[in-house]
Amino acid sequence: MISLPAGPLLFDTGIYIRFCRGEDYFWLGDDARIFQRTILTAVVAAELYAGTHDHREKRALDELCQAYRALGHFSSPSTPAWVDTGILLRRARSVFGEIEFVQHFRDLLMVGEVVRAGATLVTENVRDFARWRSLLASARRTLKLFNPSQATLGGT
């Protein structure tokens, strides 16, 4: 098992995909305490549903979402979160140059959920999310990131 940061965690879509395919992150299934402090956002759930291949995968995802709901750890971006995402994308365009809304709005919705929950985003895509972290820092909001593929072995 790897050493995960303390506090709530939100895994991005890629982490779930690699775990479910049996490619990596086997430690996710080793300790129920990890699940109990993890938040699933509807943004990630939607991406996971879009990638299901059959009814069996869809039912397994239904059960996962229900388990998060039962814990009270299933979140969904609010109306103000959508508006904030648009504002952040406008700011990103002025700072970084042309930004394609379609390519980034889901990540920013997810980032909003992470920040709102005071969680750490667990992602292999730290480089791209670091851009959003710098944008949020200018608004005095903190995005905590953790790359599990570069983590050391240890306890949670």
# chains A, B, ... in the order shown; residues from 1 in each chain; ligands from 1
>>> select_by_dssp(residues="chain A", states="alpha helix (DSSP H)", output="VMD selection string")
chain A and resid 13 to 20 32 to 36 42 to 50 55 to 71 79 to 96 101 to 117 126 to 137
>>> residues_around(residues="range 114-120 of chain A", least_positions_apart="5", cutoff="6 Å", atoms="only C-alpha atoms", output="MDAnalysis selection string")
chainID A and resid 8:9 143:145
>>> atom_distance(atom1="CA of Gly112 in chain A", atom2="CA of Gly51 in chain A")
22.7 Å
>>> closest_residue(among="A:Ala50, A:Ala45, A:Leu40, A:Leu109", to="Ala70 in chain A", atoms="only C-alpha atoms")
A:Leu40
>>> atom_distance(atom1="CA of Ala60 in chain A", atom2="CA of Gly22 in chain A")
14.6 Å
>>> residues_around(residues="Val126 in chain A", least_positions_apart="3", cutoff="9 Å", atoms="only C-alpha atoms", output="list of chain:residue names")
A:Leu121, A:Val122, A:Thr123, A:Phe129, A:Ala130, A:Arg131, A:Leu145, A:Phe146, A:Asn147
>>> closest_residue(among="A:Asp54, A:Asp84, A:Asp31, A:Glu47", to="Ile15 in chain A", atoms="only C-alpha atoms")
A:Glu47
>>> residues_around(residues="Ser76 in chain A", least_positions_apart="6", cutoff="8 Å", atoms="only C-alpha atoms", output="list in words")
Thr41, Ala42, Val43 and Glu113 of chain A
>>> select_by_dssp(residues="range 3-155 of chain A", states="strand (DSSP E)", output="list of chain:residue names")
A:Leu9, A:Leu10, A:Phe11, A:Thr38, A:Ile39, A:Leu40, A:Thr41, A:Phe74, A:Ser75, A:Thr120, A:Leu121, A:Val122, A:Lys144, A:Leu145, A:Phe146
>>> write_last_selection(atoms="N, CA and C atoms", output="CSV table (one decimal), in the first residue's frame")
chain,number,residue,atom,x,y,z
A,9,LEU,N,-10.3,12.4,0.0
A,9,LEU,CA,-9.6,12.1,-1.3
A,9,LEU,C,-10.7,12.1,-2.4
A,10,LEU,N,-10.3,12.6,-3.6
A,10,LEU,CA,-11.1,12.5,-4.7
A,10,LEU,C,-10.2,12.0,-5.9
A,11,PHE,N,-10.6,10.8,-6.4
A,11,PHE,CA,-9.8,10.1,-7.4
A,11,PHE,C,-10.4,10.6,-8.8
A,38,THR,N,-13.1,8.7,0.7
A,38,THR,CA,-13.1,9.1,-0.7
A,38,THR,C,-14.5,9.7,-1.1
A,39,ILE,N,-14.4,10.7,-2.0
A,39,ILE,CA,-15.6,11.4,-2.5
A,39,ILE,C,-15.6,11.1,-4.0
A,40,LEU,N,-16.8,10.7,-4.5
A,40,LEU,CA,-17.0,10.5,-5.9
A,40,LEU,C,-17.9,11.7,-6.4
A,41,THR,N,-17.4,12.4,-7.4
A,41,THR,CA,-18.1,13.5,-8.0
A,41,THR,C,-18.9,13.0,-9.2
A,74,PHE,N,-21.1,11.3,-2.3
A,74,PHE,CA,-21.3,11.5,-3.7
A,74,PHE,C,-21.7,13.0,-3.9
A,75,SER,N,-20.9,13.7,-4.7
A,75,SER,CA,-21.1,15.1,-4.8
A,75,SER,C,-21.4,15.5,-6.3
A,120,THR,N,-8.0,16.1,-1.4
A,120,THR,CA,-6.9,16.1,-2.3
A,120,THR,C,-7.3,15.3,-3.6
A,121,LEU,N,-6.9,15.9,-4.7
A,121,LEU,CA,-7.2,15.2,-6.0
A,121,LEU,C,-6.1,14.2,-6.2
A,122,VAL,N,-6.4,13.0,-6.4
A,122,VAL,CA,-5.5,11.9,-6.7
A,122,VAL,C,-5.5,11.7,-8.2
A,144,LYS,N,-5.1,20.8,-3.7
A,144,LYS,CA,-4.1,19.8,-3.3
A,144,LYS,C,-4.1,18.7,-4.3
A,145,LEU,N,-2.9,18.3,-4.7
A,145,LEU,CA,-2.7,17.3,-5.7
A,145,LEU,C,-1.8,16.2,-5.2
A,146,PHE,N,-2.1,15.0,-5.7
A,146,PHE,CA,-1.3,13.8,-5.3
A,146,PHE,C,-1.2,12.9,-6.5
>>> residues_around(residues="His104 in chain A", least_positions_apart="2", cutoff="12 Å", atoms="only C-alpha atoms", output="list of chain:residue names")
A:Thr85, A:Gly86, A:Leu88, A:Leu89, A:Arg90, A:Ala92, A:Arg93, A:Glu98, A:Ile99, A:Glu100, A:Phe101, A:Val102, A:Arg106, A:Asp107, A:Leu108, A:Leu109, A:Met110, A:Val111, A:Asp128, A:Phe129, A:Arg131, A:Trp132
